[in-house]
file query.pdb (PDB, C-alpha atoms)
ATOM      1  CA  MET G   1       4.244 -57.836 -75.212
ATOM      2  CA  ALA G   2       3.588 -60.300 -72.397
ATOM      3  CA  ALA G   3       5.682 -63.018 -73.992
ATOM      4  CA  ALA G   4       8.578 -60.632 -74.617
ATOM      5  CA  ALA G   5       8.433 -59.382 -71.028
ATOM      6  CA  GLU G   6       8.363 -62.952 -69.727
ATOM      7  CA  SER G   7      11.409 -63.841 -71.824
ATOM      8  CA  GLU G   8      13.286 -60.750 -70.635
ATOM      9  CA  GLU G   9      12.449 -61.530 -67.000
ATOM     10  CA  GLU G  10      13.911 -65.026 -67.436
ATOM     11  CA  PHE G  11      17.010 -63.503 -69.022
ATOM     12  CA  GLN G  12      17.603 -61.119 -66.113
ATOM     13  CA  THR G  13      18.191 -64.008 -63.687
ATOM     14  CA  HIS G  14      21.717 -64.223 -65.116
ATOM     15  CA  ALA G  15      24.182 -61.781 -63.583
ATOM     16  CA  GLY G  16      26.945 -59.975 -65.397
ATOM     17  CA  PRO G  17      27.352 -58.567 -68.905
ATOM     18  CA  LEU G  18      24.649 -60.769 -70.463
ATOM     19  CA  ASN G  19      22.024 -59.205 -68.204
ATOM     20  CA  LEU G  20      20.229 -56.494 -70.153
ATOM     21  CA  ALA G  21      19.686 -54.543 -66.922
ATOM     22  CA  ASP G  22      23.430 -54.419 -66.120
ATOM     23  CA  ASP G  23      24.677 -51.960 -68.706
ATOM     24  CA  SER G  24      27.930 -51.085 -66.916
ATOM     25  CA  SER G  25      29.076 -54.735 -66.803
ATOM     26  CA  TYR G  26      28.074 -55.138 -70.423
ATOM     27  CA  ARG G  27      30.022 -52.048 -71.532
ATOM     28  CA  ARG G  28      33.199 -53.204 -69.786
ATOM     29  CA  TRP G  29      32.921 -56.693 -71.295
ATOM     30  CA  ARG G  30      32.017 -55.305 -74.741
ATOM     31  CA  ASP G  31      34.931 -52.866 -74.873
ATOM     32  CA  ILE G  32      37.478 -55.501 -73.886
ATOM     33  CA  LYS G  33      36.042 -58.001 -76.364
ATOM     34  CA  LEU G  34      36.221 -55.593 -79.293
ATOM     35  CA  LEU G  35      39.687 -54.350 -78.314
ATOM     36  CA  ARG G  36      41.144 -57.865 -78.227
ATOM     37  CA  TYR G  37      39.267 -59.380 -81.162
ATOM     38  CA  PRO G  38      41.516 -60.506 -84.050
ATOM     39  CA  ALA G  39      41.517 -58.494 -87.272
ATOM     40  CA  ARG G  40      42.876 -61.399 -89.369
ATOM     41  CA  VAL G  41      42.610 -65.167 -89.167
ATOM     42  CA  GLU G  42      46.407 -65.243 -88.926
ATOM     43  CA  ASP G  43      46.061 -63.645 -85.492
ATOM     44  CA  ILE G  44      44.491 -66.845 -84.140
ATOM     45  CA  ALA G  45      46.666 -69.314 -86.072
ATOM     46  CA  VAL G  46      48.641 -71.795 -83.967
ATOM     47  CA  GLU G  47      51.171 -74.392 -85.098
ATOM     48  CA  ILE G  48      50.979 -77.741 -83.283
ATOM     49  CA  ARG G  49      54.001 -79.985 -83.672
ATOM     50  CA  ASP G  50      52.286 -83.208 -82.586
ATOM     51  CA  PRO G  51      48.537 -83.338 -81.741
ATOM     52  CA  ARG G  52      49.097 -86.258 -79.334
ATOM     53  CA  ARG G  53      51.764 -84.385 -77.384
ATOM     54  CA  VAL G  54      50.666 -80.775 -77.211
ATOM     55  CA  SER G  55      53.232 -78.616 -75.446
ATOM     56  CA  THR G  56      52.352 -76.136 -72.714
ATOM     57  CA  ARG G  57      53.170 -73.262 -75.065
ATOM     58  CA  GLU G  58      50.924 -74.666 -77.787
ATOM     59  CA  ARG G  59      48.116 -75.353 -75.351
ATOM     60  CA  ASP G  60      48.320 -71.833 -73.942
ATOM     61  CA  ALA G  61      48.288 -70.331 -77.451
ATOM     62  CA  ILE G  62      45.103 -72.224 -78.356
ATOM     63  CA  ALA G  63      43.457 -71.266 -75.070
ATOM     64  CA  ALA G  64      44.454 -67.596 -75.515
ATOM     65  CA  SER G  65      42.964 -67.515 -79.021
ATOM     66  CA  CYS G  66      39.742 -69.024 -77.704
ATOM     67  CA  ASP G  67      39.689 -66.446 -74.905
ATOM     68  CA  ARG G  68      39.870 -63.701 -77.541
ATOM     69  CA  ALA G  69      37.610 -65.097 -80.246
ATOM     70  CA  ASN G  70      36.201 -68.446 -79.051
ATOM     71  CA  MET G  71      38.246 -70.146 -81.774
ATOM     72  CA  ALA G  72      41.707 -70.994 -83.050
ATOM     73  CA  VAL G  73      42.901 -72.186 -86.448
ATOM     74  CA  TYR G  74      45.656 -74.774 -86.079
ATOM     75  CA  ALA G  75      48.164 -76.483 -88.345
ATOM     76  CA  PHE G  76      49.627 -79.843 -87.363
ATOM     77  CA  GLY G  77      53.334 -80.275 -88.047
ATOM     78  CA  HIS G  78      52.950 -84.044 -88.195
ATOM     79  CA  ILE G  79      50.055 -86.467 -88.382
ATOM     80  CA  ASP G  80      49.954 -90.032 -89.678
ATOM     81  CA  ASP G  81      48.300 -90.668 -93.022
ATOM     82  CA  ASP G  82      46.071 -93.605 -92.122
ATOM     83  CA  GLU G  83      42.528 -92.760 -91.054
ATOM     84  CA  ALA G  84      42.588 -94.612 -87.729
ATOM     85  CA  SER G  85      45.649 -92.636 -86.623
ATOM     86  CA  VAL G  86      44.137 -89.342 -87.756
ATOM     87  CA  ARG G  87      40.957 -89.982 -85.806
ATOM     88  CA  ALA G  88      42.875 -91.007 -82.690
ATOM     89  CA  SER G  89      45.071 -87.909 -82.954
ATOM     90  CA  LEU G  90      42.051 -85.637 -83.215
ATOM     91  CA  LEU G  91      40.387 -87.212 -80.185
ATOM     92  CA  SER G  92      43.609 -86.827 -78.213
ATOM     93  CA  PHE G  93      43.983 -83.226 -79.338
ATOM     94  CA  GLY G  94      40.457 -82.345 -78.226
ATOM     95  CA  ALA G  95      40.959 -84.054 -74.876
ATOM     96  CA  THR G  96      43.974 -81.803 -74.280
ATOM     97  CA  PHE G  97      41.461 -78.984 -73.865
ATOM     98  CA  GLY G  98      39.038 -80.960 -71.715
ATOM     99  CA  LEU G  99      36.807 -81.909 -74.650
ATOM    100  CA  ARG G 100      35.634 -85.461 -73.950
ATOM    101  CA  ALA G 101      31.816 -85.354 -73.899
ATOM    102  CA  ILE G 102      31.170 -86.072 -77.585
ATOM    103  CA  GLU G 103      27.753 -85.534 -79.156
ATOM    104  CA  ASP G 104      25.970 -88.701 -80.255
ATOM    105  CA  HIS G 105      25.435 -87.753 -83.895
ATOM    106  CA  ARG G 106      23.536 -89.841 -86.453
ATOM    107  CA  SER G 107      26.493 -89.816 -88.877
ATOM    108  CA  ALA G 108      29.222 -90.426 -86.315
ATOM    109  CA  GLU G 109      31.088 -93.694 -86.086
ATOM    110  CA  ALA G 110      31.772 -95.459 -82.803
ATOM    111  CA  ASP G 111      34.470 -92.952 -81.790
ATOM    112  CA  GLY G 112      32.155 -89.972 -82.359
ATOM    113  CA  VAL G 113      34.056 -88.646 -85.387
ATOM    114  CA  VAL G 114      32.087 -87.700 -88.532
ATOM    115  CA  ARG G 115      33.472 -87.711 -92.088
ATOM    116  CA  ILE G 116      32.379 -84.544 -93.936
ATOM    117  CA  GLU G 117      32.566 -85.368 -97.646
ATOM    118  CA  ALA G 118      30.401 -85.374-100.762
ATOM    119  CA  VAL G 119      28.564 -88.709-100.951
ATOM    120  CA  GLN G 120      26.520 -90.325-103.711
ATOM    121  CA  GLY G 121      24.346 -92.594-101.587
ATOM    122  CA  GLY G 122      23.668 -93.948 -98.109
ATOM    123  CA  GLU G 123      21.981 -92.372 -95.084
ATOM    124  CA  ARG G 124      23.898 -89.087 -95.438
ATOM    125  CA  TYR G 125      22.845 -88.569 -99.071
ATOM    126  CA  GLY G 126      20.778 -85.428 -99.612
ATOM    127  CA  TYR G 127      22.046 -83.565 -96.542
ATOM    128  CA  ILE G 128      23.912 -80.394 -97.561
ATOM    129  CA  PRO G 129      27.120 -80.967 -95.510
ATOM    130  CA  TYR G 130      27.684 -84.155 -97.514
ATOM    131  CA  THR G 131      27.539 -82.386-100.888
ATOM    132  CA  ASP G 132      29.809 -79.908-102.665
ATOM    133  CA  ARG G 133      27.214 -77.133-102.292
ATOM    134  CA  ALA G 134      27.516 -73.980-100.221
ATOM    135  CA  ILE G 135      26.336 -74.074 -96.597
ATOM    136  CA  ALA G 136      24.734 -70.952 -95.126
ATOM    137  CA  TRP G 137      25.762 -69.377 -91.835
ATOM    138  CA  HIS G 138      25.019 -71.592 -88.843
ATOM    139  CA  THR G 139      26.195 -72.929 -85.529
ATOM    140  CA  ASP G 140      26.536 -76.685 -85.236
ATOM    141  CA  GLY G 141      23.765 -78.735 -83.684
ATOM    142  CA  TYR G 142      21.092 -76.049 -84.049
ATOM    143  CA  TYR G 143      18.516 -78.747 -84.909
ATOM    144  CA  ASN G 144      19.297 -80.873 -81.841
ATOM    145  CA  PHE G 145      18.891 -78.474 -78.913
ATOM    146  CA  HIS G 146      17.881 -79.991 -75.572
ATOM    147  CA  GLY G 147      18.737 -77.183 -73.193
ATOM    148  CA  ALA G 148      21.863 -75.159 -72.489
ATOM    149  CA  GLY G 149      23.582 -77.986 -70.621
ATOM    150  CA  ARG G 150      23.179 -80.440 -73.523
ATOM    151  CA  SER G 151      23.838 -78.102 -76.421
ATOM    152  CA  VAL G 152      26.797 -78.403 -78.781
ATOM    153  CA  GLN G 153      29.238 -76.071 -77.055
ATOM    154  CA  ALA G 154      32.491 -76.861 -78.866
ATOM    155  CA  MET G 155      33.599 -78.300 -82.187
ATOM    156  CA  LEU G 156      36.713 -79.533 -83.946
ATOM    157  CA  LEU G 157      36.832 -79.450 -87.772
ATOM    158  CA  HIS G 158      39.946 -80.952 -89.400
ATOM    159  CA  CYS G 159      40.936 -80.937 -93.067
ATOM    160  CA  ALA G 160      42.380 -84.210 -94.373
ATOM    161  CA  GLN G 161      41.939 -83.484 -98.106
ATOM    162  CA  GLY G 162      41.316 -80.013 -99.484
ATOM    163  CA  ALA G 163      39.231 -78.888-102.440
ATOM    164  CA  GLU G 164      40.729 -77.886-105.770
ATOM    165  CA  HIS G 165      38.586 -74.750-105.829
ATOM    166  CA  GLY G 166      36.296 -73.206-103.212
ATOM    167  CA  GLY G 167      35.454 -74.628 -99.805
ATOM    168  CA  GLU G 168      36.246 -71.381 -97.974
ATOM    169  CA  ASN G 169      34.862 -70.832 -94.481
ATOM    170  CA  ARG G 170      33.752 -67.541 -92.965
ATOM    171  CA  LEU G 171      33.887 -67.390 -89.166
ATOM    172  CA  LEU G 172      32.412 -65.119 -86.505
ATOM    173  CA  ASP G 173      32.336 -65.375 -82.728
ATOM    174  CA  PRO G 174      28.693 -65.407 -81.503
ATOM    175  CA  GLU G 175      29.706 -62.864 -78.864
ATOM    176  CA  ILE G 176      30.415 -60.352 -81.648
ATOM    177  CA  ALA G 177      26.997 -61.028 -83.193
ATOM    178  CA  TYR G 178      25.438 -60.511 -79.752
ATOM    179  CA  ILE G 179      27.289 -57.213 -79.271
ATOM    180  CA  ARG G 180      26.254 -55.876 -82.680
ATOM    181  CA  LEU G 181      22.610 -56.763 -82.054
ATOM    182  CA  ARG G 182      22.490 -55.406 -78.503
ATOM    183  CA  ASP G 183      24.181 -52.160 -79.530
ATOM    184  CA  GLU G 184      21.634 -51.696 -82.316
ATOM    185  CA  ASP G 185      18.591 -52.519 -80.199
ATOM    186  CA  PRO G 186      18.384 -54.586 -76.979
ATOM    187  CA  ALA G 187      14.949 -55.742 -78.155
ATOM    188  CA  HIS G 188      16.779 -57.906 -80.687
ATOM    189  CA  ILE G 189      18.328 -59.841 -77.811
ATOM    190  CA  VAL G 190      14.984 -60.204 -76.029
ATOM    191  CA  ALA G 191      13.420 -61.618 -79.186
ATOM    192  CA  LEU G 192      16.234 -64.051 -79.905
ATOM    193  CA  MET G 193      16.371 -65.239 -76.274
ATOM    194  CA  HIS G 194      12.724 -66.310 -76.418
ATOM    195  CA  SER G 195      12.313 -70.011 -75.713
ATOM    196  CA  SER G 196      10.463 -70.556 -78.996
ATOM    197  CA  ALA G 197      12.358 -68.098 -81.223
ATOM    198  CA  MET G 198      13.438 -70.736 -83.755
ATOM    199  CA  SER G 199      11.867 -74.100 -84.596
ATOM    200  CA  ILE G 200      13.167 -76.898 -86.811
ATOM    201  CA  PRO G 201      10.297 -79.091 -88.106
ATOM    202  CA  GLU G 202      10.379 -82.844 -87.606
ATOM    203  CA  ASN G 203      12.376 -84.831 -90.133
ATOM    204  CA  ALA G 204      11.822 -88.368 -91.387
ATOM    205  CA  GLU G 205      15.072 -90.276 -91.928
ATOM    206  CA  ALA G 206      15.560 -92.728 -94.792
ATOM    207  CA  ASN G 207      15.591 -95.602 -92.284
ATOM    208  CA  GLY G 208      12.151 -94.646 -90.977
ATOM    209  CA  THR G 209      13.207 -92.924 -87.758
ATOM    210  CA  ILE G 210      11.736 -89.524 -86.967
ATOM    211  CA  ARG G 211      13.671 -86.551 -85.601
ATOM    212  CA  PRO G 212      10.992 -84.623 -83.696
ATOM    213  CA  VAL G 213      10.419 -80.905 -84.014
ATOM    214  CA  ASN G 214      13.130 -78.964 -82.170
ATOM    215  CA  VAL G 215      12.215 -75.635 -80.569
ATOM    216  CA  GLY G 216      14.461 -73.241 -78.705
ATOM    217  CA  PRO G 217      16.117 -69.833 -78.431
ATOM    218  CA  VAL G 218      18.869 -68.396 -80.608
ATOM    219  CA  PHE G 219      20.883 -66.937 -77.716
ATOM    220  CA  PHE G 220      21.025 -68.637 -74.329
ATOM    221  CA  VAL G 221      23.223 -68.663 -71.253
ATOM    222  CA  GLN G 222      25.294 -71.811 -70.840
ATOM    223  CA  PRO G 223      26.485 -73.357 -67.560
ATOM    224  CA  GLY G 224      29.171 -71.073 -66.169
ATOM    225  CA  GLY G 225      27.478 -67.937 -67.514
ATOM    226  CA  THR G 226      28.910 -68.038 -71.044
ATOM    227  CA  LEU G 227      26.905 -67.186 -74.151
ATOM    228  CA  GLY G 228      25.523 -69.966 -76.313
ATOM    229  CA  MET G 229      24.022 -69.606 -79.762
ATOM    230  CA  ARG G 230      21.754 -71.783 -81.909
ATOM    231  CA  TYR G 231      21.238 -70.459 -85.419
ATOM    232  CA  THR G 232      20.888 -71.232 -89.098
ATOM    233  CA  ALA G 233      20.478 -68.827 -92.006
ATOM    234  CA  ARG G 234      18.801 -71.454 -94.160
ATOM    235  CA  LYS G 235      15.399 -70.516 -95.587
ATOM    236  CA  ARG G 236      13.810 -73.967 -95.831
ATOM    237  CA  ASN G 237      12.818 -76.290 -92.978
ATOM    238  CA  ILE G 238      12.985 -73.553 -90.379
ATOM    239  CA  VAL G 239      10.160 -71.662 -88.632
ATOM    240  CA  TRP G 240      10.756 -68.354 -86.883
ATOM    241  CA  ARG G 241       8.464 -67.078 -84.144
ATOM    242  CA  ASN G 242       5.754 -65.119 -85.910
ATOM    243  CA  ASP G 243       6.041 -61.633 -84.457
ATOM    244  CA  GLU G 244       7.544 -58.324 -85.551
ATOM    245  CA  PRO G 245      10.401 -58.188 -82.951
ATOM    246  CA  THR G 246      11.655 -61.595 -84.116
ATOM    247  CA  ARG G 247      11.474 -60.623 -87.779
ATOM    248  CA  ARG G 248      13.442 -57.441 -87.078
ATOM    249  CA  ALA G 249      16.056 -59.285 -85.047
ATOM    250  CA  VAL G 250      16.543 -62.002 -87.678
ATOM    251  CA  ALA G 251      16.900 -59.400 -90.430
ATOM    252  CA  ALA G 252      19.463 -57.500 -88.366
ATOM    253  CA  LEU G 253      21.470 -60.658 -87.732
ATOM    254  CA  GLU G 254      21.467 -61.559 -91.430
ATOM    255  CA  ARG G 255      22.745 -58.086 -92.260
ATOM    256  CA  ILE G 256      25.504 -58.301 -89.661
ATOM    257  CA  LEU G 257      26.706 -61.659 -90.968
ATOM    258  CA  GLY G 258      26.825 -60.279 -94.480
ATOM    259  CA  THR G 259      28.675 -57.055 -93.737
ATOM    260  CA  ASP G 260      30.553 -57.119 -90.431
ATOM    261  CA  PRO G 261      34.270 -56.249 -90.781
ATOM    262  CA  LEU G 262      35.224 -58.718 -88.032
ATOM    263  CA  VAL G 263      34.163 -61.755 -90.063
ATOM    264  CA  LEU G 264      37.265 -63.931 -90.576
ATOM    265  CA  ARG G 265      37.981 -66.074 -93.637
ATOM    266  CA  THR G 266      40.010 -69.229 -94.067
ATOM    267  CA  ARG G 267      40.452 -71.990 -96.618
ATOM    268  CA  MET G 268      41.885 -75.006 -94.871
ATOM    269  CA  SER G 269      44.589 -77.198 -96.343
ATOM    270  CA  PRO G 270      45.420 -80.773 -95.278
ATOM    271  CA  GLY G 271      46.641 -80.825 -91.678
ATOM    272  CA  GLN G 272      44.834 -77.614 -90.756
ATOM    273  CA  GLY G 273      41.688 -77.261 -88.733
ATOM    274  CA  LEU G 274      39.393 -75.216 -86.519
ATOM    275  CA  ILE G 275      38.902 -75.779 -82.801
ATOM    276  CA  CYS G 276      36.209 -73.542 -81.348
ATOM    277  CA  ASN G 277      33.403 -72.905 -78.902
ATOM    278  CA  ASN G 278      30.810 -73.511 -81.657
ATOM    279  CA  VAL G 279      31.289 -70.274 -83.556
ATOM    280  CA  LEU G 280      29.165 -69.089 -86.452
ATOM    281  CA  HIS G 281      30.522 -70.371 -89.753
ATOM    282  CA  ASP G 282      29.579 -71.075 -93.349
ATOM    283  CA  ARG G 283      31.129 -72.837 -96.347
ATOM    284  CA  SER G 284      31.361 -71.813 -99.982
ATOM    285  CA  ALA G 285      30.656 -74.323-102.747
ATOM    286  CA  PHE G 286      33.701 -76.275-103.872
ATOM    287  CA  ARG G 287      35.119 -78.506-106.557
ATOM    288  CA  SER G 288      37.216 -81.491-105.570
ATOM    289  CA  ALA G 289      40.546 -82.350-107.134
ATOM    290  CA  ALA G 290      40.670 -85.222-109.614
ATOM    291  CA  THR G 291      43.018 -87.071-107.257
ATOM    292  CA  GLY G 292      40.513 -87.229-104.401
ATOM    293  CA  GLY G 293      37.436 -85.667-102.864
ATOM    294  CA  ARG G 294      37.448 -82.969-100.180
ATOM    295  CA  LEU G 295      37.449 -84.663 -96.764
ATOM    296  CA  LEU G 296      37.106 -83.128 -93.327
ATOM    297  CA  TYR G 297      36.644 -84.783 -89.950
ATOM    298  CA  ARG G 298      34.290 -83.214 -87.403
ATOM    299  CA  ILE G 299      33.789 -83.789 -83.683
ATOM    300  CA  ARG G 300      31.112 -81.997 -81.659
ATOM    301  CA  TYR G 301      31.284 -81.681 -77.885
ATOM    302  CA  HIS G 302      29.125 -80.898 -74.883
ATOM    303  CA  GLY G 303      31.406 -78.587 -72.890
ATOM    304  CA  ARG G 304      33.697 -75.716 -73.740
ATOM    305  CA  ILE G 305      37.417 -75.477 -74.429
ATOM    306  CA  GLY G 306      39.524 -75.434 -71.276
ATOM    307  CA  ARG G 307      43.132 -76.019 -70.269
ATOM    308  CA  SER G 308      43.186 -79.685 -69.291
ATOM    309  CA  GLU G 309      46.515 -80.853 -67.830
ATOM    310  CA  ASP G 310      45.729 -84.563 -68.370
TER     311      ASP G 310
END
call {"tool": "encode", "arguments": {"input": "query.pdb", "output": "structure tokens"}}
result
Amino acid sequence: MAAAAESEEEFQTHAGPLNLADDSSYRRWRDIKLLRYPARVEDIAVEIRDPRRVSTRERDAIAASCDRANMAVYAFGHIDDDEASVRASLLSFGATFGLRAIEDHRSAEADGVVRIEAVQGGERYGYIPYTDRAIAWHTDGYYNFHGAGRSVQAMLLHCAQGAEHGGENRLLDPEIAYIRLRDEDPAHIVALMHSSAMSIPENAEANGTIRPVNVGPVFFVQPGGTLGMRYTARKRNIVWRNDEPTRRAVAALERILGTDPLVLRTRMSPGQGLICNNVLHDRSAFRSAATGGRLLYRIRYHGRIGRSED
């Protein structure tokens, strides 16, 4: 009980709807969030004529979708075919929304962009994102948490080559998961805000480097008072805090992700993508076309989506 109380006391230092003691602020925020939340993925779909020259109308549409659901699904009207141009266009597109602080990821190239594709060898071999297997619900960067200010807060995922079958994504705003859990039992939030709620054991890379154990909360408050989330539904290479409140909270979250009617679904085609404030997502298994493997480009950012005028 002492640890839970200590965690809750730390949580209450944040004012507003995320404070468990401020129920009136929470109810106002909750009701508006649920009222405005999209019922279909088409409700947050935005067409972008040219990712290097995003119009004011296009920029406002993306920002409005992210205000509602922390994500938007876009479709580029034009993008060059060569990889260098695609990567440059994606970096420019992200910068339109103030996204410039790119995570230093082990699989990223010099520009910070990562190719998500099935590989048969190399340093990425054996990691699930680089296979054709299903990926369980997660937020990006859950294994590389170094505090709220250095978490992965936003992400861009762009489809360059689709799958022949499968490869569907389910999407859910972490704020909806938070609302469902808090409405069911505020103790779920206390448990998942604990500073050692979820641990990822150390990992030895093929090149001999060691990624140390990574310990942190599931829910946390980011700079500016917004909600952050660090989560994976995987069953291996994850250690949950060994107490009954955490077990109950994790089980409740798994149930919500499996049944909630506000979960959105999309299967991206070439030229389409997701820009988001690191929402919960998964991926179904897929089979690539004979003409080429499924290829997506991913960029992770420190910082949230804004309305940059640069």
call {"tool": "resolve_selection", "arguments": {"input": "query.pdb", "expression": "the PyMOL selection byres ((chain G and resi 70) around 6)", "output": "PDB file with C-alpha atoms, keeping the file's coordinate frame"}}
result
ATOM      1  CA  CYS G  66      39.742 -69.024 -77.704  1.00  0.00           C
ATOM      2  CA  ASP G  67      39.689 -66.446 -74.905  1.00  0.00           C
ATOM      3  CA  ALA G  69      37.610 -65.097 -80.246  1.00  0.00           C
ATOM      4  CA  MET G  71      38.246 -70.146 -81.774  1.00  0.00           C
ATOM      5  CA  CYS G 276      36.209 -73.542 -81.348  1.00  0.00           C
ATOM      6  CA  ASN G 277      33.403 -72.905 -78.902  1.00  0.00           C
TER       7      ASN G 277
END
call {"tool": "resolve_selection", "arguments": {"input": "query.pdb", "expression": "the PyMOL selection byres ((chain G and resi 78) around 10)", "output": "PyMOL selection string"}}
result
chain G and resi 48-52+75-77+79-81+271
call {"tool": "write_last_selection", "arguments": {"input": "query.pdb", "atoms": "C-alpha atoms", "output": "short mmCIF file (atom, residue, chain, number, x, y, z; two decimals), in the coordinates of the input"}}
result
data_model
loop_
_atom_site.label_atom_id
_atom_site.label_comp_id
_atom_site.auth_asym_id
_atom_site.auth_seq_id
_atom_site.Cartn_x
_atom_site.Cartn_y
_atom_site.Cartn_z
CA ILE G 48 50.98 -77.74 -83.28
CA ARG G 49 54.00 -79.98 -83.67
CA ASP G 50 52.29 -83.21 -82.59
CA PRO G 51 48.54 -83.34 -81.74
CA ARG G 52 49.10 -86.26 -79.33
CA ALA G 75 48.16 -76.48 -88.34
CA PHE G 76 49.63 -79.84 -87.36
CA GLY G 77 53.33 -80.28 -88.05
CA ILE G 79 50.06 -86.47 -88.38
CA ASP G 80 49.95 -90.03 -89.68
CA ASP G 81 48.30 -90.67 -93.02
CA GLY G 271 46.64 -80.82 -91.68
#
call {"tool": "closest_atom_pairs", "arguments": {"input": "query.pdb", "of": "range 218-251 of chain G", "to": "range 132-148 of chain G", "cutoff": "10 Å", "atoms": "all atoms listed in the file", "output": "JSON lines"}}
result
{"residue": "G:Val218", "atom": "CA", "partner": "G:Tyr142", "partner_atom": "CA", "distance": 8.7}
{"residue": "G:Phe219", "atom": "CA", "partner": "G:Ala148", "partner_atom": "CA", "distance": 9.8}
{"residue": "G:Phe220", "atom": "CA", "partner": "G:Ala148", "partner_atom": "CA", "distance": 6.8}
{"residue": "G:Val221", "atom": "CA", "partner": "G:Ala148", "partner_atom": "CA", "distance": 6.8}
{"residue": "G:Gln222", "atom": "CA", "partner": "G:Ala148", "partner_atom": "CA", "distance": 5.1}
{"residue": "G:Pro223", "atom": "CA", "partner": "G:Ala148", "partner_atom": "CA", "distance": 7.0}
{"residue": "G:Leu227", "atom": "CA", "partner": "G:Ala148", "partner_atom": "CA", "distance": 9.6}
{"residue": "G:Gly228", "atom": "CA", "partner": "G:Ala148", "partner_atom": "CA", "distance": 7.4}
{"residue": "G:Met229", "atom": "CA", "partner": "G:Thr139", "partner_atom": "CA", "distance": 7.0}
{"residue": "G:Arg230", "atom": "CA", "partner": "G:Tyr142", "partner_atom": "CA", "distance": 4.8}
{"residue": "G:Tyr231", "atom": "CA", "partner": "G:His138", "partner_atom": "CA", "distance": 5.2}
{"residue": "G:Thr232", "atom": "CA", "partner": "G:His138", "partner_atom": "CA", "distance": 4.2}
{"residue": "G:Ala233", "atom": "CA", "partner": "G:Trp137", "partner_atom": "CA", "distance": 5.3}
{"residue": "G:Arg234", "atom": "CA", "partner": "G:Ala136", "partner_atom": "CA", "distance": 6.0}
{"residue": "G:Lys235", "atom": "CA", "partner": "G:Ala136", "partner_atom": "CA", "distance": 9.4}
{"residue": "G:Ile238", "atom": "CA", "partner": "G:Tyr143", "partner_atom": "CA", "distance": 9.4}
call {"tool": "atom_distance", "arguments": {"input": "query.pdb", "atom1": "CA of Gly258 in chain G", "atom2": "CA of Arg36 in chain G"}}
result
21.8 Å
call {"tool": "residues_around", "arguments": {"input": "query.pdb", "residues": "Gln272 in chain G", "least_positions_apart": "4", "cutoff": "10 Å", "atoms": "all atoms listed in the file", "output": "MDAnalysis selection string"}}
result
chainID G and resid 45:48 73:77 157:162 267:268 296
call {"tool": "atom_distance", "arguments": {"input": "query.pdb", "atom1": "CA of Ser24 in chain G", "atom2": "CA of Gly306 in chain G"}}
result
27.3 Å
call {"tool": "closest_residue", "arguments": {"input": "query.pdb", "among": "G:Asn214, G:Thr266, G:Gln153, G:Asn237", "to": "Asp43 in chain G", "atoms": "all atoms listed in the file"}}
result
G:Thr266
